[in-house]
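A.B. asks: Here's a structure for you.
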Amino acid sequence: MKNKLKAIMESAMAQIGASEKLDDLGDIKVSFLGKKGEITSLLKSMKDLAPEDRPKAGQMVNEARAKIEEKLTIRKKEFEQTMLEEKLAGETIDVTLPGKRLARGHRHPNTITLEEVEDIFIGMGYEVVEGPEIEKDYYNFEALNIPANHPAKDEQDTFYITKDILLRTQTSSVQVHEMEKGKLPIRMIAPGRVFRSDEVDATHSPTFHQIEGLVIDKNITFADLKGTLQEFAKRLFGEETKVKFRPHHFQFTEPSAEMDVSCFKCGGKGCRFCKGSGWVEILGCGMVHPHVLEMSGIDPEEYTGFAFGVGLERIALFKYEIDDMRLLYENDTRFLNQF
Amino acid sequence: MDTSLSWIKAYVPDLECNAKEYTDAMTLSGTKVEGFKEFDKNLDKIVVGKINKIEKHPNADKLVVCQVQIDEDGTEVQIVTGAPNVKEGQKIPVVLDGGHVAGSHKDGESEKGYRIKKGKLRGVESFGMMCSIDELGSNSNMYPDADPDGIYILSDNPEYADAKIGSDAIELLGLHDVAFEYEITSNRVDCFGVLGIAREVAATFGKKFVPPVVTQTGNDEDVNKYISLEVKDPALCPRYTARVVKNIKLAPSPEWMQRRLASVGIRPINNIVDITNYVMEEYAQPMHAYDLDTIEDRKIVVRKAESGEKFTTLDGQERELDDTMLMICDGKKPIGLAGIMGGANSMITDNVTTMLFEAATFDGTNIRLTGKKLGMRTDAQAKFEKGLDPNNALEAMNRACQLVEELGAGEVVGGVVDFYPVKKEPINISYDADKINALLGTDISEEDMVKYFEAIDLIVDKDKKIVTVPTWRQDLERMADLAEEVARFYGYDKIPMTLPESSATTGGLSDKLKHEKIVRTVVEGYGFCEGMSFSFESPKVYDKLCLSEDDTLRKSIRINNPLGEDYSVMRTSALGGILSSLSTNYNRRNKNVRLYELANVYIPKEIPLSELPDERMQLALGMYGEGDFFTMKGVVEDVLYRLGLKEKAEYKPDAGKAYLHPGRQADIIYKKHNIGFIGEVHPVVQKSFEIGEKTYIAVIDMKAATDMADAYVKYQGVPKFPAITRDISLSMKKEVTAGEIEEIIRKAGGQLLESYELFDIYEGSQLLKGYKSLAYKIVLRAKDRTLTDSDANQIMDKIISSLAKKEVVLRQ
């Protein structure tokens with residue numbers, strides 16, 4: 001009995017060890033542990049043993065059975081592991097193949113730039129407002145201290161509809177509408193389309209966009225103007241950006257200035273973009289002219305304010321290094337898809 | 001406006017700075033220097049030489065071999081030249097071996113110039129080069145004494161004849177100089193003259209300003225015996241001054257004057273013309289010289305032209321005038337177009353003996369408009385347009401006469417004819433240092449402010465705290481203007497940077513802009529790229545869109561002065577722009593193009609405009625390539641939903657759009673309001689825009705749509721009870737629309753109808769001709785209980801019987 005069991009065990013172990021696939025294990029299990037299997041037969045043959053030997057023999061057989069089962073389980077796991085590995089190996093993909101993307105559209109570079117500017121000023125408590133593009137002469141010129149026949153009017157190459165109605169040449173007209181509402185203080189930016197009678201070329205367009213800014217309150221100073229615009233420039237172009245204010249002239253501000261920012265391409269060292277100067281002219285600004293305040297019914301003795309105007313395309317062109325303004329209005333998707 | 005550094009230094013003698021320092025300082029104090037040109041940038045080792053001997057070149061007929069003396073000790077170098085105009089004994093500019101010239105005789109000035117080295121010319125050694133004026137970076141227009149086709153023979157000019165051999169020829173020719181180009185703003189009329197800029201320079205650098213001292217001029221005759229004056233239109237001519245110069249001796253003007261004119265790009269002509277130009281540059285006061293012998297009746301009349309009057313200006317052009325234009329006339333005829341150009345009939349010629357100098361002030365607007373109407377743009381006009389200071393006119397006149405006497409150009413007749421009925425007086429502005437500091441956010445002392453005022457020749461009464469502003473500074477009117485003067489000279493860069501410490505405001509986008517942002521995000525999700533088109537377009541677009549003659553879209557606003565017919569009307573629809581952009585893409589072979597634009601359109605209330613038009617924002621969508629009508633419709637549905645139009649919009653076929661396929665177009669109706677349309681572009685229109693694929697468009701009126709937007713969202717409980725789903729397949733005539741079916745389902749389904757979905761459309765042999773089949777999945781659910789089959793049957797029966805009334809039956 002003992003010897004027989006040993007032989008069976010050796011045979012079982014050898015067969016399990018030599019098995020080549022998962023299915024073999026089933027056959028082995030049947031041939032040893034099945035109803036007619038060798039261990040089962042051995043158990044059945046126990047009845048031939050002396051009753052006192054039976055418990056011990058039973059124990060031995062059961063232990064052998066357990067061993068075979070354990071070995072089968074281990075072997076089965078080995079087979080499963082191998083099979084999984086083989087399966088996974090076969091499932092290898094070329095991870096360098098392109099990803100699948102939804103064909104999403106793209107915002108216009110002007111809009112992306114505008115939204116950045118809007119976010120900066122909204123964060124500083126500015127309202128974003130709009131005004132009409134077809135405008136009365138009064139709002140575009142007269143109320144901004146540019147009376148009839150003033151040379152500044154000619155400089156702007158205005159498109160006229162009638163004598164008194166025109167295509168606005170500057171978003172500054174929105175300043176007047178806001179001031180006339182009589183709600184103070186004012187902190188606003190007004191983005192929008194403006195029009196000038198310039199022929200289309202790489203740097204000119206008869207339609208373009210400006211963003212006007214206006215702050216009116218008690219005790220607003222030129223220093224506040226400088227600080228606000230510096231903050232704007234740093235947030236738009238980067239913390240390291242420097243600003244420079246130069247005296248200039250606008251009819252509706254006094255004192256007036258133009259602001260340059262250190263060239264964000266070369267950091268101020270001088271490059272093709274800034275024409276070697278290290279600076280890029282970015283906007284016009286100034287303290288709201290007292291006469292402009294008066295015309296809109298605001299007492300310049302009590303209130304002061306500052307205003308500024310930025311060319312949106314100018315920023316977008318610089319930001320994205322676009323060298324031809326016409327690209328912005330052709331709407332070629334090969335261009336638009338880049339933003 | 002240009003000036004040279006040397007000309008500025010003539011009035012600011014203590015100025016010491018290089019071109020870069022000058023540029024930076026002047027730009028920061030408000031006189032923006034746009035650029036500068038250093039005349040000697042590429043000139044090196046160029047001396048005055050003397051040709052001692054000229055011999056034939058042994059190997060070349062057209063070359064000669066010169067022995068050129070290059071210092072006072074008699075050192076000679078051998079130079080081979082092909083120049084035809086050299087002779088022994090002449091003094092010439094010589095660039096020595098290793099030196100540098102600015103240009104070549106053939107090509108003129110070059111960016112980097114040329115290095116000159118010794119070498120052999122046809123076997124004969126040459127140790128330098130004798131220079132033409134072009135090689136020195138200028139030309140014979142600016143140096144009229146220089147031979148345009150050969151070496152610059154210095155000794156032919158009496159002023160250079162005594163030049164020391166070996167001395168710096170660049171110095172001699174005044175080329176150690178810099179020309180600055182400024183951007184002068186229109187308010188600073190005074191800075192259109194060298195003196196005005198020099199005053200700014202002196203104040204900027206803290207140096208003394210030394211303007212020319214104008215002395216008494218004229219003989220003891222009386223000018224009134226030579227000329228009388230009548231100004232008929234004082235409004236257009238607030239001042240007219242005239243003086244007479246007789247016994248004119250025309251000659252070249254002296255080198256210093258020629259050099260100053262040349263340095264700002266004005267070609268020297270002769271002493272009289274040069275004086276006129278010189279004073280215009282110096283004082284920013286244009287002057288004109290008439291040949292007095294051509295002036296009939298010895299009388300000047302300033303009057304408006306008669307309508308249709310013809311006049312030939314000194315450029316030989318005949319011009320037709322109108323009755324707004326101001327003329328200078330003599331007793332019989334016009335002799336000049338006021339402020340713009342003199343007449344051919346009165347200009348000074350080489351034979352002039354007596355002349356009349358004019359320095360006047362004209363109404364800037366009138367001059368500008370006249371110039372515009374006649375298409376003329378002269379230097380004088382550019383200055384008059386700004387509105388000149390009448391007090392400056394007489395000063396300029398006297399300065400010119402002083403120069404006439406100094407240059408010996410003629411004999412100035414005593415006295416001046418001066419029409420000046422209303423004298424322009426200086427104005428007083430009070431200042432308050434505290435208020436100026438409050439505006440600037442600075443802490444500048446009153447003392448410093450006064451210093452800045454005085455530096456620019458404002459007269460300060462420190463006790464009364466009043467500044468008297470000379471009339472040349474007509475831009476200074478009130479304290480804010482004085483604040484700018486303080487800021488300029490204190491330094492814009494020194495003003496601190498602060499943030500407003502005022503009351504807090506809440507910022508944000510308007511609802512309109514928020515809606516636009518939503519739309520952008522939604523349509524971009526469907527692959528649409530944002531385009532931008534011009535707001536004006538060609539009226540031909542209407543024809544391309546096949547619009548009928550009376551279509552309201554044709555009622556557009558016309559620009560009075562458009563850039564051309566293609567940009568002449570304000571768009572009444574975004575269609576033209578979107579179709580043109582699609583066309584551009586198609587022509588460039590871009591596939592599957594989807595574009596959108598948020599476009600303002602301009603709807604006039606009446607034409608011609610008497611009030612502002614209605615500006616309406618349209619969302620225009622356009623696409624070709626992948627996708628069809630229903631792709632576009634899906635985008636529109638999503639846009640409307642996300643805008644807060646949560647109910648089902650009605651798509652009404654036969655929208656009546658001529659530019660859309662008659663069987664594939666619909667008006668979009670929401671709560672009975674028309675908010676836009678959708679459709680396939682009519683093949684004819686598609687062809688006229690040169691798009692070779694089926695094109696789909698949709699236009700939504702943002703205002704009409706968002707007026708009905710409901711941003712309110714109320715949470716609906718997730719259903720607790722199961723739903724019952726029933727599929728029905730319906731047979732009907734082709735003409736019946738899904739919209740009609742769905743409306744019946746909605747009505748009959750009532751409260752328990754949760755949703756319905758079209759899942760199959762069939763048209764084919766299994767149906768009668770002219771019939772189609774639509775299959776719907778209908779979902780029924782109650783909020784408060786589990787529906788029973790009999791509940792469902794009841795509703796389905798109601799739906800089916802309602803459909804039957806429309807001859808829609810269950811498909812067998």
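Every chain in the structure tokens takes a letter, A first, then B, and so on in the order presented; its residues are numbered from 1, and the ligands are numbered from 1 following the presented order.
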Which residues of chain A are close to chain B, meaning at most 6 Å apart when you count only C-alpha atoms, and how do they look as a PyMOL selection string?

C.D. replies: chain A and resi 103-108+122+125-128+149+159-161+221-224+226-228+246-247+254-255+329+331-332

A.B. asks: Mind dumping the selected residues with N, CA, C and O atoms as a compact mmCIF listing (two decimals), in the first residue's frame?

C.D. replies:
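What follows is the written file result_19.txt:
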# COMPACT_ATOMS: atom_id res chain seq x y z
N ALA A 103 -12.45 66.41 -33.50
CA ALA A 103 -12.04 67.54 -34.33
C ALA A 103 -12.67 68.82 -33.78
O ALA A 103 -13.67 69.31 -34.30
N ARG A 104 -12.12 69.32 -32.70
CA ARG A 104 -12.66 70.55 -32.13
C ARG A 104 -12.23 71.75 -32.96
O ARG A 104 -11.18 71.74 -33.58
N GLY A 105 -13.04 72.78 -32.94
CA GLY A 105 -12.67 74.00 -33.64
C GLY A 105 -11.78 74.87 -32.77
O GLY A 105 -11.46 74.51 -31.63
N HIS A 106 -11.39 75.99 -33.32
CA HIS A 106 -10.44 76.86 -32.62
C HIS A 106 -10.96 78.28 -32.57
O HIS A 106 -11.56 78.76 -33.53
N ARG A 107 -10.67 78.95 -31.48
CA ARG A 107 -11.02 80.36 -31.40
C ARG A 107 -10.04 81.17 -32.24
O ARG A 107 -8.88 80.78 -32.38
N HIS A 108 -10.54 82.29 -32.71
CA HIS A 108 -9.70 83.22 -33.48
C HIS A 108 -8.61 83.80 -32.55
O HIS A 108 -8.90 84.08 -31.39
N ILE A 122 -11.04 92.04 -15.55
CA ILE A 122 -12.16 91.61 -14.71
C ILE A 122 -11.62 91.31 -13.31
O ILE A 122 -12.22 91.67 -12.30
N GLY A 125 -11.51 94.20 -11.21
CA GLY A 125 -12.79 94.85 -10.91
C GLY A 125 -13.36 95.69 -12.05
O GLY A 125 -14.18 96.57 -11.82
N TYR A 126 -12.94 95.40 -13.27
CA TYR A 126 -13.46 96.17 -14.41
C TYR A 126 -14.65 95.47 -15.04
O TYR A 126 -14.66 94.24 -15.17
N GLU A 127 -15.61 96.25 -15.45
CA GLU A 127 -16.73 95.72 -16.22
C GLU A 127 -16.37 95.73 -17.71
O GLU A 127 -15.69 96.65 -18.17
N VAL A 128 -16.85 94.75 -18.43
CA VAL A 128 -16.62 94.73 -19.88
C VAL A 128 -17.90 95.24 -20.55
O VAL A 128 -18.97 94.65 -20.38
N ASN A 149 -13.69 120.07 -37.72
CA ASN A 149 -12.55 120.62 -38.46
C ASN A 149 -11.23 120.56 -37.72
O ASN A 149 -10.25 121.17 -38.12
N PHE A 159 -14.43 106.77 -42.03
CA PHE A 159 -15.48 106.41 -42.97
C PHE A 159 -16.77 107.09 -42.50
O PHE A 159 -17.19 106.91 -41.36
N TYR A 160 -17.39 107.83 -43.40
CA TYR A 160 -18.64 108.49 -43.05
C TYR A 160 -19.83 107.82 -43.73
O TYR A 160 -19.73 107.35 -44.86
N ILE A 161 -20.96 107.82 -43.00
CA ILE A 161 -22.22 107.36 -43.59
C ILE A 161 -23.01 108.60 -44.00
O ILE A 161 -23.47 108.73 -45.13
N THR A 221 -4.94 109.08 -9.93
CA THR A 221 -3.74 109.81 -10.34
C THR A 221 -3.06 109.17 -11.54
O THR A 221 -3.35 108.04 -11.91
N PHE A 222 -2.14 109.95 -12.10
CA PHE A 222 -1.31 109.45 -13.19
C PHE A 222 -0.48 108.25 -12.69
O PHE A 222 -0.22 107.33 -13.45
N ALA A 223 -0.10 108.30 -11.43
CA ALA A 223 0.65 107.16 -10.86
C ALA A 223 -0.22 105.90 -10.87
O ALA A 223 0.28 104.80 -11.11
N ASP A 224 -1.53 106.07 -10.63
CA ASP A 224 -2.44 104.93 -10.68
C ASP A 224 -2.50 104.36 -12.10
O ASP A 224 -2.57 103.16 -12.31
N LYS A 226 -0.14 104.52 -14.32
CA LYS A 226 1.11 103.79 -14.57
C LYS A 226 1.09 102.43 -13.88
O LYS A 226 1.44 101.41 -14.48
N GLY A 227 0.66 102.42 -12.63
CA GLY A 227 0.65 101.17 -11.87
C GLY A 227 -0.29 100.14 -12.48
O GLY A 227 0.04 98.96 -12.60
N THR A 228 -1.48 100.61 -12.87
CA THR A 228 -2.48 99.70 -13.44
C THR A 228 -1.97 99.08 -14.73
O THR A 228 -2.08 97.87 -14.95
N ARG A 246 6.09 107.26 -22.25
CA ARG A 246 6.62 108.42 -22.97
C ARG A 246 5.51 109.45 -23.13
O ARG A 246 4.37 109.07 -23.38
N PRO A 247 5.83 110.74 -23.01
CA PRO A 247 4.81 111.76 -23.24
C PRO A 247 4.27 111.65 -24.67
O PRO A 247 5.01 111.31 -25.60
N GLU A 254 -5.03 114.39 -20.81
CA GLU A 254 -4.02 115.39 -20.46
C GLU A 254 -3.65 115.20 -19.00
O GLU A 254 -4.53 115.34 -18.15
N PRO A 255 -2.43 114.88 -18.66
CA PRO A 255 -1.33 114.51 -19.54
C PRO A 255 -1.60 113.19 -20.27
O PRO A 255 -2.37 112.36 -19.80
N TYR A 329 -7.96 87.90 -41.31
CA TYR A 329 -9.29 88.09 -41.90
C TYR A 329 -9.55 87.20 -43.11
O TYR A 329 -10.53 87.36 -43.80
N ASN A 331 -9.45 83.76 -42.80
CA ASN A 331 -10.16 82.61 -42.24
C ASN A 331 -9.79 81.30 -42.91
O ASN A 331 -10.63 80.42 -43.09
N ASP A 332 -8.54 81.17 -43.25
CA ASP A 332 -8.01 79.90 -43.76
C ASP A 332 -7.86 78.97 -42.56
O ASP A 332 -7.18 79.31 -41.59

A.B. asks: Skipping near chain neighbours, those fewer than 2 positions away, what residues fall within 6 Å of region 466-477 of chain B using only C-alpha atoms, listed as an mmCIF file with C-alpha atoms, in the first residue's frame?

C.D. replies:
data_model
loop_
_atom_site.group_PDB
_atom_site.id
_atom_site.type_symbol
_atom_site.label_atom_id
_atom_site.label_comp_id
_atom_site.auth_asym_id
_atom_site.auth_seq_id
_atom_site.Cartn_x
_atom_site.Cartn_y
_atom_site.Cartn_z
ATOM 1 C CA ASN B 187 -0.704 120.058 -30.779
ATOM 2 C CA ASP B 190 6.016 125.226 -32.417
ATOM 3 C CA ASP B 389 0.835 131.507 -34.385
ATOM 4 C CA PRO B 426 -0.811 135.379 -24.454
ATOM 5 C CA ILE B 427 -3.126 133.694 -21.977
ATOM 6 C CA ASN B 428 -2.767 133.315 -18.229
ATOM 7 C CA ILE B 429 -3.239 130.019 -16.431
ATOM 8 C CA SER B 430 -3.153 129.746 -12.676
ATOM 9 C CA TYR B 431 -1.317 126.855 -11.166
ATOM 10 C CA LEU B 458 6.599 130.407 -19.818
ATOM 11 C CA ILE B 459 6.437 133.571 -17.742
ATOM 12 C CA VAL B 460 5.727 132.796 -14.091
ATOM 13 C CA ASP B 461 4.205 135.170 -11.532
ATOM 14 C CA LYS B 464 -0.143 135.231 -7.979
ATOM 15 C CA ASP B 481 -1.821 121.064 -19.544
#

A.B. asks: Excluding region 764-781 of chain B and its own-chain neighbours fewer than 6 positions away, which residues fall within 6 Å of it when counting only C-alpha atoms? Please give them as a PDB file with N, CA, C and O atoms, in the first residue's frame.

C.D. replies:
ATOM      1  N   ALA B 723     -39.596  52.607 -16.339  1.00  0.00           N
ATOM      2  CA  ALA B 723     -40.296  53.142 -17.503  1.00  0.00           C
ATOM      3  C   ALA B 723     -40.820  52.002 -18.361  1.00  0.00           C
ATOM      4  O   ALA B 723     -40.372  50.861 -18.218  1.00  0.00           O
ATOM      5  N   ILE B 724     -41.779  52.330 -19.208  1.00  0.00           N
ATOM      6  CA  ILE B 724     -42.235  51.363 -20.195  1.00  0.00           C
ATOM      7  C   ILE B 724     -41.878  51.918 -21.554  1.00  0.00           C
ATOM      8  O   ILE B 724     -42.133  53.090 -21.842  1.00  0.00           O
ATOM      9  N   THR B 725     -41.228  51.097 -22.364  1.00  0.00           N
ATOM     10  CA  THR B 725     -40.801  51.547 -23.683  1.00  0.00           C
ATOM     11  C   THR B 725     -41.628  50.833 -24.739  1.00  0.00           C
ATOM     12  O   THR B 725     -41.812  49.626 -24.659  1.00  0.00           O
ATOM     13  N   ARG B 726     -42.147  51.596 -25.679  1.00  0.00           N
ATOM     14  CA  ARG B 726     -42.898  50.999 -26.783  1.00  0.00           C
ATOM     15  C   ARG B 726     -42.329  51.500 -28.104  1.00  0.00           C
ATOM     16  O   ARG B 726     -42.072  52.699 -28.242  1.00  0.00           O
ATOM     17  N   ASP B 727     -42.119  50.606 -29.023  1.00  0.00           N
ATOM     18  CA  ASP B 727     -41.690  51.017 -30.364  1.00  0.00           C
ATOM     19  C   ASP B 727     -42.895  50.997 -31.278  1.00  0.00           C
ATOM     20  O   ASP B 727     -43.691  50.053 -31.246  1.00  0.00           O
ATOM     21  N   ILE B 728     -43.026  52.062 -32.096  1.00  0.00           N
ATOM     22  CA  ILE B 728     -44.089  52.035 -33.096  1.00  0.00           C
ATOM     23  C   ILE B 728     -43.517  52.398 -34.453  1.00  0.00           C
ATOM     24  O   ILE B 728     -42.651  53.273 -34.570  1.00  0.00           O
ATOM     25  N   SER B 729     -43.997  51.712 -35.451  1.00  0.00           N
ATOM     26  CA  SER B 729     -43.571  51.996 -36.805  1.00  0.00           C
ATOM     27  C   SER B 729     -44.780  52.561 -37.536  1.00  0.00           C
ATOM     28  O   SER B 729     -45.842  51.955 -37.541  1.00  0.00           O
ATOM     29  N   LEU B 730     -44.614  53.743 -38.114  1.00  0.00           N
ATOM     30  CA  LEU B 730     -45.760  54.460 -38.674  1.00  0.00           C
ATOM     31  C   LEU B 730     -45.607  54.609 -40.174  1.00  0.00           C
ATOM     32  O   LEU B 730     -44.500  54.832 -40.677  1.00  0.00           O
ATOM     33  N   SER B 731     -46.718  54.510 -40.853  1.00  0.00           N
ATOM     34  CA  SER B 731     -46.692  54.681 -42.297  1.00  0.00           C
ATOM     35  C   SER B 731     -47.485  55.939 -42.630  1.00  0.00           C
ATOM     36  O   SER B 731     -48.558  56.174 -42.062  1.00  0.00           O
ATOM     37  N   MET B 732     -46.971  56.733 -43.565  1.00  0.00           N
ATOM     38  CA  MET B 732     -47.647  58.006 -43.877  1.00  0.00           C
ATOM     39  C   MET B 732     -47.229  58.492 -45.246  1.00  0.00           C
ATOM     40  O   MET B 732     -46.242  58.003 -45.813  1.00  0.00           O
ATOM     41  N   LYS B 733     -47.953  59.499 -45.727  1.00  0.00           N
ATOM     42  CA  LYS B 733     -47.553  60.125 -46.988  1.00  0.00           C
ATOM     43  C   LYS B 733     -46.222  60.846 -46.774  1.00  0.00           C
ATOM     44  O   LYS B 733     -45.948  61.346 -45.684  1.00  0.00           O
ATOM     45  N   LYS B 734     -45.451  60.888 -47.858  1.00  0.00           N
ATOM     46  CA  LYS B 734     -44.127  61.506 -47.772  1.00  0.00           C
ATOM     47  C   LYS B 734     -44.143  62.938 -47.251  1.00  0.00           C
ATOM     48  O   LYS B 734     -43.227  63.386 -46.574  1.00  0.00           O
ATOM     49  N   LEU B 752     -47.263  61.656 -18.936  1.00  0.00           N
ATOM     50  CA  LEU B 752     -46.522  60.415 -18.714  1.00  0.00           C
ATOM     51  C   LEU B 752     -45.495  60.150 -19.814  1.00  0.00           C
ATOM     52  O   LEU B 752     -44.676  59.242 -19.699  1.00  0.00           O
ATOM     53  N   LEU B 753     -45.557  60.935 -20.888  1.00  0.00           N
ATOM     54  CA  LEU B 753     -44.572  60.759 -21.956  1.00  0.00           C
ATOM     55  C   LEU B 753     -43.239  61.317 -21.477  1.00  0.00           C
ATOM     56  O   LEU B 753     -43.121  62.506 -21.206  1.00  0.00           O
ATOM     57  N   GLU B 754     -42.261  60.464 -21.331  1.00  0.00           N
ATOM     58  CA  GLU B 754     -40.961  60.970 -20.877  1.00  0.00           C
ATOM     59  C   GLU B 754     -40.112  61.439 -22.052  1.00  0.00           C
ATOM     60  O   GLU B 754     -39.550  62.515 -22.025  1.00  0.00           O
ATOM     61  N   SER B 755     -40.050  60.628 -23.085  1.00  0.00           N
ATOM     62  CA  SER B 755     -39.273  61.019 -24.255  1.00  0.00           C
ATOM     63  C   SER B 755     -39.694  60.190 -25.459  1.00  0.00           C
ATOM     64  O   SER B 755     -40.423  59.198 -25.316  1.00  0.00           O
ATOM     65  N   TYR B 756     -39.264  60.620 -26.608  1.00  0.00           N
ATOM     66  CA  TYR B 756     -39.494  59.843 -27.819  1.00  0.00           C
ATOM     67  C   TYR B 756     -38.282  60.038 -28.704  1.00  0.00           C
ATOM     68  O   TYR B 756     -37.586  61.056 -28.596  1.00  0.00           O
ATOM     69  N   GLU B 757     -38.022  59.062 -29.529  1.00  0.00           N
ATOM     70  CA  GLU B 757     -36.823  59.161 -30.359  1.00  0.00           C
ATOM     71  C   GLU B 757     -37.081  58.485 -31.696  1.00  0.00           C
ATOM     72  O   GLU B 757     -37.566  57.356 -31.746  1.00  0.00           O
ATOM     73  N   LEU B 758     -36.790  59.183 -32.754  1.00  0.00           N
ATOM     74  CA  LEU B 758     -36.915  58.622 -34.102  1.00  0.00           C
ATOM     75  C   LEU B 758     -35.736  57.690 -34.320  1.00  0.00           C
ATOM     76  O   LEU B 758     -34.592  58.110 -34.183  1.00  0.00           O
TER      77      LEU B 758
END

A.B. asks: Out of region 157-208 of chain A, which residues get helix (DSSP H, G or I) from DSSP, as a list in words?

C.D. replies: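 Written out, the helix (DSSP H, G or I) residues of region 157-208 of chain A are Ser172, Ser173, Val174, Gln175, Val176, His177, Glu178, Met179 and Glu180 of chain A.
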
A.B. asks: So which residues touch Glu88 (chain B) within 9 Å, counting only C-alpha atoms, skipping near sequence neighbours fewer than 4 positions away, as an NGL selection string?

C.D. replies: :B and (50-54 or 66)

A.B. asks: Those same residues - C-alpha atoms - I'd like them written as a short mmCIF file (atom, residue, chain, number, x, y, z; two decimals), in the first residue's frame.

C.D. replies:
data_model
loop_
_atom_site.label_atom_id
_atom_site.label_comp_id
_atom_site.auth_asym_id
_atom_site.auth_seq_id
_atom_site.Cartn_x
_atom_site.Cartn_y
_atom_site.Cartn_z
CA LYS B 50 45.92 118.09 -53.57
CA ILE B 51 46.64 116.66 -56.98
CA ASN B 52 50.25 117.54 -57.72
CA LYS B 53 50.77 115.59 -60.88
CA ILE B 54 48.70 113.63 -63.42
CA CYS B 66 47.87 110.93 -59.92
#

A.B. asks: List every residue of region 53-173 of chain A that DSSP, applied to the backbone of this structure, places in strand (DSSP E), and write the result as a list in words.

C.D. replies: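 So, restricting region 53-173 of chain A to strand (DSSP E), we get Glu127, Val128, Ile134, Glu135, Lys136, Ile165, Leu166 and Leu167 of chain A.
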
A.B. asks: Just the selected residues (C-alpha atoms), exported as an mmCIF file, in the first residue's frame, please.

C.D. replies:
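Output contents, as saved in result.cif:
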data_model
loop_
_atom_site.group_PDB
_atom_site.id
_atom_site.type_symbol
_atom_site.label_atom_id
_atom_site.label_comp_id
_atom_site.auth_asym_id
_atom_site.auth_seq_id
_atom_site.Cartn_x
_atom_site.Cartn_y
_atom_site.Cartn_z
ATOM 1 C CA GLU A 127 -16.728 95.720 -16.221
ATOM 2 C CA VAL A 128 -16.622 94.733 -19.881
ATOM 3 C CA ILE A 134 -21.843 102.885 -36.286
ATOM 4 C CA GLU A 135 -21.625 105.989 -34.189
ATOM 5 C CA LYS A 136 -22.563 109.616 -34.024
ATOM 6 C CA ILE A 165 -22.957 109.389 -38.589
ATOM 7 C CA LEU A 166 -19.738 107.477 -39.097
ATOM 8 C CA LEU A 167 -17.977 104.202 -38.478
#

A.B. asks: With only C-alpha atoms as the counted atoms, please give the residues lying no more than 10 Å from Lys183 (chain A), apart from itself and same-chain residues fewer than 4 positions off, as a VMD selection string.

C.D. replies: chain A and resid 178 to 179 216

A.B. asks: For Val194 (chain A), which residue out of A:Ala18, A:Leu229, A:Val174, A:Ile220 is the nearest one, using only C-alpha atoms?

C.D. replies: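 Closest to Val194 (chain A) of all the choices is A:Val174.
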
A.B. asks: What's around Ala599 (chain B) at 7 Å? Count only C-alpha atoms, leave out sequence neighbours fewer than 4 positions away in its own chain, and write the answer as a ChimeraX atom specification.

C.D. replies: /B:574,617-619

A.B. asks: Counting only C-alpha atoms, what is within 7 Å of region 543-546 of chain B, bar same-chain residues fewer than 3 positions away, as a list in words?

C.D. replies: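 With the cut-off at 7 Å, the set is Lys540, Ala658, Tyr659, Val685 and Ser688 of chain B.
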
A.B. asks: For Tyr490 (chain B), which of B:Glu446, B:His515, B:Asn247, B:Pro683 is the closest residue, counting only C-alpha atoms?

C.D. replies: B:Glu446

A.B. asks: Between A:Ile282, A:Leu293, A:Ile93, A:Leu236, which is the closest to Ile112 (chain A) once you count only C-alpha atoms?

C.D. replies: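 Checking each candidate against Ile112 (chain A), we get A:Leu236 as the closest.
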
A.B. asks: Find the distance between CA of Glu125 (chain B) and CA of Ser104 (chain B) and write it in Å to one decimal.

C.D. replies: 20.4 Å

A.B. asks: In Å to one decimal, how far is CA of Ile607 (chain B) from CA of Ser172 (chain A)?

C.D. replies: 26.8 Å

A.B. asks: For each of B:Glu111, B:Asn391, B:Asp551, B:Ala409, take the minimum atom-to-atom distance to Glu425 (chain B), counting only C-alpha atoms, then give the residue where this is smallest.

C.D. replies: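 Closest residue, counting only C-alpha atoms: B:Asn391.
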
A.B. asks: Identify which of the residues B:Tyr182, B:Phe419, B:Ala382, B:Glu406 lies closest to Val231 (chain B), counting only C-alpha atoms when measuring atom-to-atom distances.

C.D. replies: B:Phe419

A.B. asks: Have a look at A:Lys2, A:Cys266, A:Gly182, A:Thr169 and name the one nearest to Asp198 (chain A); count only C-alpha atoms.

C.D. replies: A:Thr169
